[in-house]
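**Q** coords-v4.cif is reproduced in full below (mmCIF, C-alpha atoms).
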data_final
loop_
_atom_site.label_atom_id
_atom_site.label_comp_id
_atom_site.auth_asym_id
_atom_site.auth_seq_id
_atom_site.Cartn_x
_atom_site.Cartn_y
_atom_site.Cartn_z
CA MET A 1 0.00 0.00 0.00
CA SER A 2 1.35 3.43 -0.87
CA GLU A 3 1.89 5.99 1.86
CA ASN A 4 -0.84 8.17 0.36
CA ALA A 5 -3.42 5.39 0.11
CA PRO A 6 -6.34 5.82 2.51
CA ALA A 7 -6.37 3.44 5.47
CA THR A 8 -8.95 0.69 5.33
CA THR A 9 -11.54 0.15 8.04
CA VAL A 10 -11.18 -3.08 10.02
CA VAL A 11 -14.52 -4.89 10.24
CA VAL A 12 -14.90 -7.85 12.58
CA VAL A 13 -17.57 -10.15 11.15
CA LEU A 14 -18.95 -11.98 14.19
CA PHE A 15 -20.95 -15.11 13.40
CA GLY A 16 -21.97 -18.62 14.44
CA GLY A 17 -23.04 -18.66 18.06
CA ARG A 18 -24.79 -20.91 20.53
CA SER A 19 -28.31 -20.63 19.14
CA SER A 20 -30.09 -23.16 16.96
CA GLU A 21 -29.52 -20.75 14.06
CA HIS A 22 -25.74 -21.20 14.19
CA GLU A 23 -25.45 -22.59 10.67
CA ILE A 24 -27.59 -19.88 9.10
CA SER A 25 -25.42 -17.26 10.78
CA CYS A 26 -22.39 -18.86 9.10
CA VAL A 27 -24.07 -18.73 5.69
CA THR A 28 -25.05 -15.10 6.25
CA ALA A 29 -21.48 -14.22 7.27
CA GLY A 30 -20.18 -15.84 4.10
CA GLY A 31 -22.47 -13.60 2.09
CA ILE A 32 -21.16 -10.52 3.90
CA MET A 33 -17.53 -11.55 3.37
CA ASP A 34 -18.17 -12.10 -0.31
CA ALA A 35 -19.92 -8.77 -0.82
CA VAL A 36 -17.86 -6.37 1.30
CA ASP A 37 -15.82 -3.73 -0.51
CA ARG A 38 -12.26 -5.00 -0.06
CA GLY A 39 -10.84 -1.68 -1.15
CA ALA A 40 -12.41 0.05 1.82
CA TYR A 41 -12.63 -2.67 4.46
CA ASP A 42 -10.37 -5.34 5.95
CA VAL A 43 -12.36 -8.29 7.28
CA VAL A 44 -11.52 -10.19 10.47
CA PRO A 45 -13.83 -13.24 10.73
CA VAL A 46 -14.56 -14.23 14.33
CA GLY A 47 -16.62 -17.39 14.56
CA ILE A 48 -18.38 -18.47 17.74
CA THR A 49 -18.57 -22.24 18.10
CA LYS A 50 -21.73 -23.99 19.23
CA ASP A 51 -20.07 -24.30 22.65
CA GLY A 52 -19.54 -20.52 22.79
CA ALA A 53 -15.80 -20.30 22.04
CA PHE A 54 -14.77 -17.16 20.14
CA THR A 55 -12.31 -18.22 17.43
CA LEU A 56 -10.39 -16.59 14.59
CA GLN A 57 -11.55 -18.11 11.30
CA PRO A 58 -10.37 -17.97 7.65
CA ASP A 59 -11.45 -15.02 5.55
CA ASP A 60 -12.84 -17.38 2.92
CA PRO A 61 -16.47 -16.84 1.85
CA ALA A 62 -16.52 -20.25 0.13
CA GLN A 63 -16.01 -22.00 3.47
CA TRP A 64 -19.26 -20.55 4.75
CA ALA A 65 -21.38 -21.04 1.63
CA LEU A 66 -24.56 -23.08 1.54
CA VAL A 67 -23.76 -26.09 -0.65
CA GLY A 68 -26.91 -27.99 -1.56
CA GLN A 69 -28.48 -28.69 1.82
CA GLN A 70 -25.13 -28.89 3.64
CA LEU A 71 -24.90 -26.14 6.23
CA PRO A 72 -21.52 -24.91 7.50
CA VAL A 73 -20.51 -24.75 11.17
CA VAL A 74 -17.74 -22.95 13.03
CA PRO A 75 -14.98 -25.48 13.86
CA ASP A 76 -12.95 -25.15 17.04
CA ASN A 77 -9.49 -24.56 15.58
CA GLY A 78 -7.85 -23.92 18.93
CA THR A 79 -7.64 -20.14 18.64
CA ARG A 80 -9.35 -17.92 21.17
CA VAL A 81 -10.38 -14.32 20.59
CA ARG A 82 -10.62 -12.02 23.60
CA PHE A 83 -12.58 -8.80 23.43
CA PRO A 84 -11.24 -5.75 25.27
CA SER A 85 -12.09 -5.38 28.95
CA ALA A 86 -12.07 -1.60 28.67
CA ALA A 87 -13.21 0.94 26.12
CA GLU A 88 -9.62 1.56 24.97
CA PRO A 89 -7.78 0.34 23.04
CA ARG A 90 -10.11 -0.89 20.31
CA ALA A 91 -8.38 -4.18 19.67
CA LEU A 92 -8.90 -7.92 19.96
CA THR A 93 -6.37 -10.29 21.46
CA VAL A 94 -5.96 -13.58 19.59
CA GLU A 95 -4.51 -16.54 21.46
CA HIS A 96 -3.06 -19.15 19.09
CA PRO A 97 -2.77 -22.90 19.72
CA ASP A 98 1.03 -22.62 20.07
CA GLY A 99 0.63 -20.22 22.98
CA SER A 100 1.52 -17.05 21.09
CA THR A 101 -0.76 -14.01 21.02
CA THR A 102 -1.43 -11.31 18.47
CA THR A 103 -3.36 -8.06 18.65
CA VAL A 104 -5.90 -7.12 15.99
CA PRO A 105 -7.12 -3.50 15.80
CA VAL A 106 -10.87 -3.06 15.39
CA ASP A 107 -12.87 -0.21 13.92
CA ILE A 108 -16.33 -1.82 13.96
CA VAL A 109 -18.01 -5.16 14.63
CA PHE A 110 -20.63 -6.61 12.28
CA PRO A 111 -22.54 -9.13 14.42
CA ILE A 112 -24.26 -11.53 12.03
CA LEU A 113 -25.87 -13.52 14.82
CA HIS A 114 -29.40 -14.85 14.72
CA GLY A 115 -31.50 -15.93 17.67
CA PRO A 116 -30.51 -16.13 21.35
CA PHE A 117 -26.99 -15.20 22.47
CA GLY A 118 -26.57 -12.73 19.63
CA GLU A 119 -29.71 -11.12 18.27
CA ASP A 120 -31.26 -10.67 21.69
CA GLY A 121 -29.12 -7.84 23.06
CA THR A 122 -26.53 -10.00 24.82
CA VAL A 123 -23.70 -9.47 22.34
CA GLN A 124 -24.77 -5.88 21.81
CA GLY A 125 -24.33 -5.32 25.54
CA MET A 126 -20.86 -6.85 25.44
CA LEU A 127 -19.87 -4.56 22.58
CA GLU A 128 -21.27 -1.51 24.36
CA THR A 129 -19.29 -2.38 27.47
CA ALA A 130 -16.12 -2.85 25.42
CA GLY A 131 -16.66 0.48 23.67
CA LEU A 132 -16.68 -1.09 20.21
CA PRO A 133 -18.87 0.40 17.47
CA TYR A 134 -21.15 -2.16 15.85
CA VAL A 135 -23.68 -2.65 13.09
CA GLY A 136 -27.36 -2.94 13.81
CA ASP A 137 -29.80 -2.47 16.63
CA GLY A 138 -28.85 -1.68 20.20
CA VAL A 139 -29.40 -3.61 23.41
CA LEU A 140 -33.02 -2.64 24.09
CA ALA A 141 -34.33 -2.88 20.53
CA SER A 142 -32.63 -6.26 20.04
CA ALA A 143 -33.96 -7.71 23.28
CA LEU A 144 -37.43 -6.27 22.79
CA ALA A 145 -37.90 -7.53 19.25
CA MET A 146 -36.51 -10.95 20.15
CA ASP A 147 -39.34 -11.55 22.61
CA LYS A 148 -42.46 -11.92 20.48
CA HIS A 149 -44.76 -11.34 23.45
CA VAL A 150 -43.07 -8.09 24.48
CA ALA A 151 -42.74 -6.92 20.87
CA LYS A 152 -46.45 -7.43 20.25
CA ALA A 153 -47.32 -5.46 23.37
CA VAL A 154 -45.05 -2.56 22.35
CA LEU A 155 -46.26 -2.49 18.75
CA GLU A 156 -49.90 -2.62 19.86
CA HIS A 157 -49.25 0.25 22.28
CA ALA A 158 -47.80 2.24 19.35
CA GLY A 159 -51.12 1.87 17.54
CA LEU A 160 -50.08 -0.91 15.16
CA ARG A 161 -52.38 -3.83 14.58
CA VAL A 162 -50.96 -7.20 15.65
CA ALA A 163 -52.38 -10.73 15.54
CA PRO A 164 -54.11 -11.93 18.73
CA TRP A 165 -52.01 -14.25 20.86
CA THR A 166 -51.76 -16.26 24.05
CA THR A 167 -48.47 -16.52 25.93
CA VAL A 168 -47.72 -19.74 27.80
CA LEU A 169 -44.81 -20.35 30.18
CA ARG A 170 -43.37 -23.83 30.48
CA ARG A 171 -44.26 -24.01 34.18
CA GLU A 172 -47.87 -23.10 33.35
CA TRP A 173 -48.08 -25.86 30.76
CA ILE A 174 -46.59 -28.44 33.12
CA ALA A 175 -48.89 -27.43 35.97
CA ASP A 176 -52.16 -27.43 34.02
CA GLU A 177 -51.83 -28.82 30.51
CA LEU A 178 -55.56 -29.40 30.07
CA GLY A 179 -56.53 -25.96 31.34
CA VAL A 180 -53.99 -24.19 29.15
CA ALA A 181 -55.07 -26.25 26.15
CA GLU A 182 -58.67 -25.18 26.74
CA THR A 183 -57.63 -21.51 26.81
CA ILE A 184 -55.62 -21.94 23.63
CA ALA A 185 -58.46 -23.73 21.84
CA ALA A 186 -60.61 -20.60 22.21
CA HIS A 187 -58.59 -19.09 19.36
CA GLY A 188 -59.97 -21.75 17.01
CA TRP A 189 -58.05 -23.95 14.58
CA PRO A 190 -55.59 -23.98 12.93
CA LEU A 191 -53.09 -22.42 15.31
CA PHE A 192 -49.40 -21.65 15.16
CA VAL A 193 -47.21 -22.45 18.14
CA LYS A 194 -43.91 -20.56 18.39
CA PRO A 195 -41.04 -20.17 20.85
CA ALA A 196 -41.28 -16.58 22.08
CA ARG A 197 -37.55 -15.87 21.76
CA ALA A 198 -36.26 -17.83 18.79
CA GLY A 199 -36.06 -16.88 15.12
CA SER A 200 -36.00 -18.29 11.59
CA SER A 201 -39.10 -20.37 12.35
CA MET A 202 -37.15 -22.67 14.69
CA GLY A 203 -39.55 -24.78 16.75
CA VAL A 204 -42.64 -23.41 15.01
CA SER A 205 -45.53 -25.74 14.28
CA ARG A 206 -48.90 -25.48 12.61
CA VAL A 207 -51.57 -27.19 14.70
CA ASP A 208 -54.77 -28.23 12.93
CA GLY A 209 -56.53 -29.75 15.92
CA PRO A 210 -56.32 -30.45 19.66
CA ASP A 211 -54.65 -33.84 19.14
CA GLU A 212 -51.58 -32.07 17.66
CA LEU A 213 -51.22 -29.38 20.30
CA ALA A 214 -49.15 -31.20 22.92
CA ALA A 215 -46.46 -32.24 20.44
CA ALA A 216 -46.24 -28.70 19.09
CA MET A 217 -45.94 -27.24 22.58
CA HIS A 218 -43.20 -29.69 23.54
CA LEU A 219 -41.27 -28.85 20.35
CA ALA A 220 -41.52 -25.12 21.04
CA PHE A 221 -40.44 -25.62 24.66
CA GLU A 222 -37.28 -27.30 23.41
CA HIS A 223 -36.25 -23.83 22.18
CA ASP A 224 -37.64 -21.57 24.90
CA THR A 225 -39.38 -21.53 28.27
CA LYS A 226 -41.96 -19.11 26.89
CA VAL A 227 -44.25 -19.92 23.96
CA ILE A 228 -46.80 -17.87 22.09
CA VAL A 229 -49.83 -19.34 20.37
CA GLU A 230 -51.57 -17.48 17.57
CA PRO A 231 -54.60 -18.26 15.44
CA ARG A 232 -54.00 -18.49 11.75
CA VAL A 233 -54.21 -15.09 10.09
CA VAL A 234 -55.67 -15.47 6.64
CA GLY A 235 -53.79 -13.15 4.35
CA ARG A 236 -50.79 -12.62 2.15
CA GLU A 237 -47.34 -12.62 3.79
CA VAL A 238 -45.75 -9.29 2.95
CA GLU A 239 -42.48 -7.96 4.34
CA VAL A 240 -40.68 -4.64 4.20
CA ALA A 241 -37.00 -3.94 4.83
CA VAL A 242 -36.09 -0.95 6.99
CA LEU A 243 -32.78 0.90 7.00
CA GLU A 244 -31.91 3.66 9.43
CA GLY A 245 -31.87 7.06 7.78
CA ARG A 246 -28.82 9.32 7.92
CA ASP A 247 -31.21 12.06 9.08
CA GLY A 248 -32.89 9.80 11.63
CA VAL A 249 -35.96 9.10 9.48
CA PRO A 250 -36.22 5.37 8.68
CA ARG A 251 -35.86 4.37 5.05
CA THR A 252 -38.10 1.59 3.76
CA SER A 253 -37.76 -0.68 0.77
CA LEU A 254 -40.31 -1.81 -1.73
CA PRO A 255 -42.12 -4.68 -0.02
CA GLY A 256 -41.67 -8.35 -0.85
CA GLU A 257 -44.16 -11.18 -0.66
CA ILE A 258 -43.76 -14.81 0.36
CA VAL A 259 -46.05 -17.17 -1.53
CA VAL A 260 -46.18 -20.59 0.13
CA ALA A 261 -47.99 -23.80 -0.71
CA GLU A 262 -51.66 -23.75 0.26
CA ASP A 263 -51.19 -26.31 3.06
CA GLY A 264 -47.81 -25.06 4.31
CA PHE A 265 -46.11 -22.19 6.03
CA TYR A 266 -42.78 -20.45 5.76
CA ASP A 267 -40.75 -22.70 8.05
CA PHE A 268 -37.00 -23.07 8.56
CA ALA A 269 -36.53 -25.53 5.69
CA ALA A 270 -38.48 -23.34 3.26
CA LYS A 271 -36.48 -20.25 4.25
CA TYR A 272 -33.02 -21.69 3.95
CA LEU A 273 -33.07 -25.06 2.22
CA GLY A 274 -35.65 -24.34 -0.47
CA GLY A 275 -39.29 -25.30 -0.50
CA ASP A 276 -42.58 -24.57 -2.20
CA GLU A 277 -42.39 -20.87 -1.51
CA GLN A 278 -41.77 -18.04 -3.93
CA LEU A 279 -40.28 -14.70 -3.00
CA LEU A 280 -41.77 -11.88 -5.02
CA CYS A 281 -39.81 -8.62 -4.97
CA PRO A 282 -41.43 -6.20 -5.34
CA ALA A 283 -44.72 -7.59 -4.09
CA PRO A 284 -47.70 -7.18 -6.42
CA LEU A 285 -49.49 -4.53 -4.36
CA THR A 286 -51.38 -1.37 -5.23
CA ALA A 287 -49.59 1.93 -4.76
CA ALA A 288 -51.77 2.63 -1.73
CA GLU A 289 -51.00 -0.75 -0.15
CA THR A 290 -47.29 -0.21 -0.77
CA ASP A 291 -47.43 3.18 0.93
CA VAL A 292 -49.28 1.72 3.92
CA ILE A 293 -46.88 -1.13 4.59
CA ARG A 294 -43.86 1.13 4.18
CA SER A 295 -45.38 3.46 6.76
CA ILE A 296 -46.04 0.51 9.07
CA GLY A 297 -42.42 -0.61 8.68
CA ALA A 298 -41.09 2.81 9.66
CA ARG A 299 -43.49 3.10 12.61
CA ALA A 300 -42.59 -0.36 13.89
CA PHE A 301 -38.87 0.43 13.61
CA GLU A 302 -39.34 3.61 15.62
CA ALA A 303 -41.58 1.87 18.16
CA ILE A 304 -38.83 -0.56 19.16
CA GLY A 305 -36.17 2.16 19.09
CA GLY A 306 -34.47 0.59 16.09
CA SER A 307 -31.11 1.50 14.63
CA GLY A 308 -29.29 0.13 11.63
CA LEU A 309 -31.77 -2.30 10.16
CA ALA A 310 -34.85 -4.43 10.63
CA ARG A 311 -37.34 -6.41 8.60
CA VAL A 312 -41.01 -5.95 9.43
CA ASP A 313 -43.23 -8.91 8.56
CA CYS A 314 -46.96 -8.42 8.01
CA PHE A 315 -50.08 -10.19 6.80
CA LEU A 316 -52.28 -8.40 4.28
CA THR A 317 -55.80 -9.46 5.22
CA ASP A 318 -59.16 -8.50 3.74
CA ASP A 319 -59.35 -5.62 6.21
CA GLY A 320 -55.78 -4.40 6.14
CA PHE A 321 -52.28 -5.15 7.34
CA VAL A 322 -51.48 -7.04 10.54
CA VAL A 323 -47.93 -6.91 11.90
CA ASN A 324 -46.53 -10.38 12.53
CA GLU A 325 -43.06 -9.58 13.89
CA VAL A 326 -39.98 -7.37 13.68
CA ASN A 327 -36.65 -9.05 12.94
CA THR A 328 -33.62 -6.98 13.99
CA MET A 329 -31.01 -9.16 12.27
CA PRO A 330 -32.66 -10.59 9.16
CA GLY A 331 -30.76 -13.15 7.14
CA PHE A 332 -28.43 -12.21 4.30
CA THR A 333 -28.30 -15.65 2.67
CA PRO A 334 -28.89 -15.99 -1.08
CA PHE A 335 -32.54 -16.81 -0.24
CA SER A 336 -33.13 -13.91 2.11
CA MET A 337 -35.87 -11.36 1.71
CA TYR A 338 -34.07 -8.36 3.26
CA PRO A 339 -31.34 -7.88 0.61
CA ARG A 340 -33.77 -8.82 -2.16
CA CYS A 341 -36.18 -6.08 -1.09
CA TRP A 342 -33.39 -3.52 -1.18
CA ALA A 343 -32.13 -4.82 -4.52
CA ALA A 344 -35.63 -4.30 -5.91
CA SER A 345 -35.45 -0.77 -4.49
CA GLY A 346 -32.19 -0.01 -6.27
CA VAL A 347 -29.69 -0.79 -3.48
CA SER A 348 -27.32 -3.62 -4.37
CA TYR A 349 -26.06 -6.16 -1.86
CA PRO A 350 -22.52 -4.64 -1.68
CA GLU A 351 -24.00 -1.14 -1.34
CA LEU A 352 -26.25 -2.36 1.45
CA VAL A 353 -23.30 -3.89 3.32
CA THR A 354 -21.34 -0.65 3.01
CA GLU A 355 -24.27 1.46 4.20
CA LEU A 356 -24.83 -0.75 7.25
CA ILE A 357 -21.15 -0.56 8.21
CA GLU A 358 -21.11 3.22 7.86
CA LEU A 359 -24.37 3.57 9.82
CA GLY A 360 -22.80 1.47 12.57
CA ARG A 361 -19.70 3.65 12.67
CA ALA A 362 -21.83 6.76 13.09
CA ALA A 363 -24.46 5.27 15.41
CA VAL A 364 -25.47 6.99 18.62
CA ARG A 365 -27.89 4.60 20.29
#
Rewrite the coordinates I just gave you, this time as structure tokens.
**A**
Amino acid sequence: MSENAPATTVVVVLFGGRSSEHEISCVTAGGIMDAVDRGAYDVVPVGITKDGAFTLQPDDPAQWALVGQQLPVVPDNGTRVRFPSAAEPRALTVEHPDGSTTTVPVDIVFPILHGPFGEDGTVQGMLETAGLPYVGDGVLASALAMDKHVAKAVLEHAGLRVAPWTTVLRREWIADELGVAETIAAHGWPLFVKPARAGSSMGVSRVDGPDELAAAMHLAFEHDTKVIVEPRVVGREVEVAVLEGRDGVPRTSLPGEIVVAEDGFYDFAAKYLGGDEQLLCPAPLTAAETDVIRSIGARAFEAIGGSGLARVDCFLTDDGFVVNEVNTMPGFTPFSMYPRCWAASGVSYPELVTELIELGRAAVR
């Protein structure tokens, strides 16, 4: 590099993690590594193993690609990455298997972590404590949106329409399974049973009758101690991508639509491994409908105190839009709706990555 060449920004791509969405995080990170502007940014890949070890990994997008239905995982290669214990200096310490250590300067962290132990405010809190700038939503917005029960309450308070729901704690289900089942059945059938604090449709089941409820509840409780149960909302599944505005006003993309098989739903396999769904970007909506959902997306983002990015998922019913959920770290895999919505709006994947990094560098949460 010549002496007059501008210095590059060091971006730590943080991925993997302890959640059930570990593999999808790896795929997403590979997409980021492949798209980042190498003339402006140096990438330091830090992978978190399923056991929670922070490791230094190869800067090789191909290693983290989705190949067929084979999902990558973070291997434990013996390295350990230590984050700073104070706000200065902004540097990571890497411990190598031979006992040697190196120091890696950091300008910003890009946490591509989905689900618990990453998208829920925990890692954001660690980065805040360490004084490291980072991409995406802050501690409160991340934690709030991760809990579907709390998010629904906040969105409803902000005047946004949400689907009706019942929240069930594991201890309540164990203590009175029949009584809880009776309460749930009042919603009518079919129902959807979801872990309250998981993402990417992990542990989600469609329940068509009372004989299927117990199995669905047990599956959801494998992922969380809190479960929400919702009646089926009949409508089109429409999503809008939100990007923080440089002037503080949220920017919204053209919406996208998920078209699934008549008897199915948009589960984990359909999202990431391919299924009967189609992703339509932009969604075939009227101009008025497009304006409404973009407004809803901006209002939802502001209601949770969002920064950086979010994807707002809605149902378009016969009597208007119903907010399903807000995702504060939507996937960036080749199948993902968030980058496709922005591409349809004229923002390419590499441009989107650059904008998110620069928003993170300037963020005041």
**Q** Pick out the residues sitting within 9 Å of region 21-25 of chain A, and hand them over as a list of chain:residue names; count all atoms listed in the file, and ignore anything fewer than 6 positions along from it in its own chain.
**A**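 Close residues of region 21-25 of chain A: A:Phe15, A:Ile48, A:Thr49, A:Lys50, A:Trp64, A:Leu66, A:Leu71, A:Pro72, A:Val73, A:Val74, A:Ile112, A:Leu113, A:His114, A:Gly115, A:Pro116, A:Ala198, A:Gly199, A:Ser200, A:Met202, A:Tyr272, A:Gly331, A:Phe332, A:Thr333.
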**Q** Between CA of Val44 (chain A) and CA of Leu132 (chain A), measure the distance and give it in Å to one decimal.
**A**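 Interatomic distance here is 14.3 Å.
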**Q** Hey, what's within 8 Å of Thr9 (chain A) if we count all atoms listed in the file and toss same-chain stuff fewer than 4 positions away? As a ChimeraX atom specification, please?
**A** /A:40-42,107-108
**Q** Could those residues be written to a file, using C-alpha atoms, as a JSON list (two decimals), in the coordinates of the input?
**A**
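Now in out_18.json:
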[["chain", "number", "residue", "atom", "x", "y", "z"],
["A", 40, "ALA", "CA", -12.41, 0.05, 1.82],
["A", 41, "TYR", "CA", -12.63, -2.67, 4.46],
["A", 42, "ASP", "CA", -10.37, -5.34, 5.95],
["A", 107, "ASP", "CA", -12.87, -0.21, 13.92],
["A", 108, "ILE", "CA", -16.33, -1.82, 13.96]]
**Q** Between A:Met337, A:Val207, A:Ile304, A:Val364, which one has atoms that come closest to Val154 (chain A), using only C-alpha atoms?
**A**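 Checking each of A:Met337, A:Val207, A:Ile304, A:Val364 against Val154 (chain A), counting only C-alpha atoms, the winner is A:Ile304.
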**Q** A:Val204, A:Leu144, A:Ala287, A:Leu213: which is nearest Leu178 (chain A), counting all atoms listed in the file?
**A**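 Result for the nearest residue to Leu178 (chain A): A:Leu213.
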**Q** Residues of region 240-358 of chain A that approach region 117-122 of chain A to 12 Å or less, counting all atoms listed in the file: could you list each one with the shortest pair of atoms and its distance in Å to one decimal, rows by chain and increasing residue number, as CSV?
**A**
residue,atom,partner,partner_atom,distance
A:Ala310,CA,A:Glu119,CA,11.4
A:Val326,CA,A:Glu119,CA,11.9
A:Asn327,CA,A:Glu119,CA,9.0
A:Thr328,CA,A:Glu119,CA,7.1
A:Met329,CA,A:Glu119,CA,6.4
A:Pro330,CA,A:Glu119,CA,9.6
A:Gly331,CA,A:Glu119,CA,11.4
**Q** Given the choices A:Lys194, A:Arg90, A:Arg80, A:Lys226, which gets closest to Gly131 (chain A) if the distance is worked out from only C-alpha atoms?
**A**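 Ranking A:Lys194, A:Arg90, A:Arg80, A:Lys226 by distance to Gly131 (chain A), first place goes to A:Arg90.
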**Q** Which residues are near Arg38 (chain A)? Cut-off 10 Å, all atoms listed in the file, ignore same chain within fewer than 5 positions. Put them as a short mmCIF file (atom, residue, chain, number, x, y, z; two decimals) with C-alpha atoms, in the frame of the given file.
**A**
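And here is the file that came out, around_24.cif:
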data_model
loop_
_atom_site.label_atom_id
_atom_site.label_comp_id
_atom_site.auth_asym_id
_atom_site.auth_seq_id
_atom_site.Cartn_x
_atom_site.Cartn_y
_atom_site.Cartn_z
CA THR A 8 -8.95 0.69 5.33
CA THR A 9 -11.54 0.15 8.04
CA MET A 33 -17.53 -11.55 3.37
CA VAL A 43 -12.36 -8.29 7.28
#
**Q** I would like the residues chosen by the PyMOL selection byres ((chain A and resi 362) around 12) on the shown file; could you give them as a list in words?
**A**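 The output of the PyMOL selection byres ((chain A and resi 362) around 12) on this file is Asp107, Ile108, Leu132, Pro133, Tyr134, Val135, Gly136, Glu244, Gly245, Arg246, Asp247, Gly248, Ser307, Gly308, Glu355, Leu356, Ile357, Glu358, Leu359, Gly360, Arg361, Ala363, Val364 and Arg365 of chain A.
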**Q** Because some atoms of region 197-211 of chain A are absent here, can you restore N, CA, C and O atoms and send them as a compact mmCIF listing (two decimals), keeping the file's coordinate frame?
**A**
# COMPACT_ATOMS: atom_id res chain seq x y z
N ARG A 197 -38.83 -16.55 21.94
CA ARG A 197 -37.55 -15.87 21.76
C ARG A 197 -36.60 -16.67 20.89
O ARG A 197 -35.42 -16.84 21.21
N ALA A 198 -37.10 -17.18 19.79
CA ALA A 198 -36.26 -17.83 18.79
C ALA A 198 -36.61 -17.21 17.44
O ALA A 198 -37.58 -16.47 17.32
N GLY A 199 -35.81 -17.47 16.43
CA GLY A 199 -36.06 -16.88 15.12
C GLY A 199 -35.96 -17.91 14.02
O GLY A 199 -35.76 -19.10 14.27
N SER A 200 -36.11 -17.44 12.78
CA SER A 200 -36.00 -18.29 11.59
C SER A 200 -36.91 -19.50 11.66
O SER A 200 -36.59 -20.57 11.18
N SER A 201 -38.07 -19.34 12.29
CA SER A 201 -39.10 -20.37 12.35
C SER A 201 -38.66 -21.63 13.09
O SER A 201 -39.25 -22.69 12.95
N MET A 202 -37.59 -21.53 13.90
CA MET A 202 -37.15 -22.67 14.69
C MET A 202 -38.22 -23.03 15.72
O MET A 202 -38.70 -22.17 16.46
N GLY A 203 -38.60 -24.30 15.77
CA GLY A 203 -39.55 -24.78 16.75
C GLY A 203 -40.98 -24.38 16.51
O GLY A 203 -41.84 -24.53 17.39
N VAL A 204 -41.28 -23.86 15.33
CA VAL A 204 -42.64 -23.41 15.01
C VAL A 204 -43.44 -24.54 14.39
O VAL A 204 -42.93 -25.28 13.54
N SER A 205 -44.66 -24.69 14.81
CA SER A 205 -45.53 -25.74 14.28
C SER A 205 -46.90 -25.17 13.94
O SER A 205 -47.41 -24.30 14.64
N ARG A 206 -47.48 -25.73 12.89
CA ARG A 206 -48.90 -25.48 12.61
C ARG A 206 -49.69 -26.60 13.27
O ARG A 206 -49.36 -27.78 13.13
N VAL A 207 -50.75 -26.23 13.98
CA VAL A 207 -51.57 -27.19 14.70
C VAL A 207 -52.99 -27.12 14.15
O VAL A 207 -53.65 -26.08 14.24
N ASP A 208 -53.45 -28.21 13.58
CA ASP A 208 -54.77 -28.23 12.93
C ASP A 208 -55.88 -28.75 13.84
O ASP A 208 -57.05 -28.68 13.47
N GLY A 209 -55.52 -29.26 15.00
CA GLY A 209 -56.53 -29.75 15.92
C GLY A 209 -55.94 -30.05 17.27
O GLY A 209 -54.71 -30.07 17.45
N PRO A 210 -56.80 -30.27 18.28
CA PRO A 210 -56.32 -30.45 19.66
C PRO A 210 -55.38 -31.64 19.84
O PRO A 210 -54.52 -31.61 20.73
N ASP A 211 -55.51 -32.66 19.00
CA ASP A 211 -54.65 -33.84 19.14
C ASP A 211 -53.20 -33.55 18.76
O ASP A 211 -52.29 -34.32 19.09
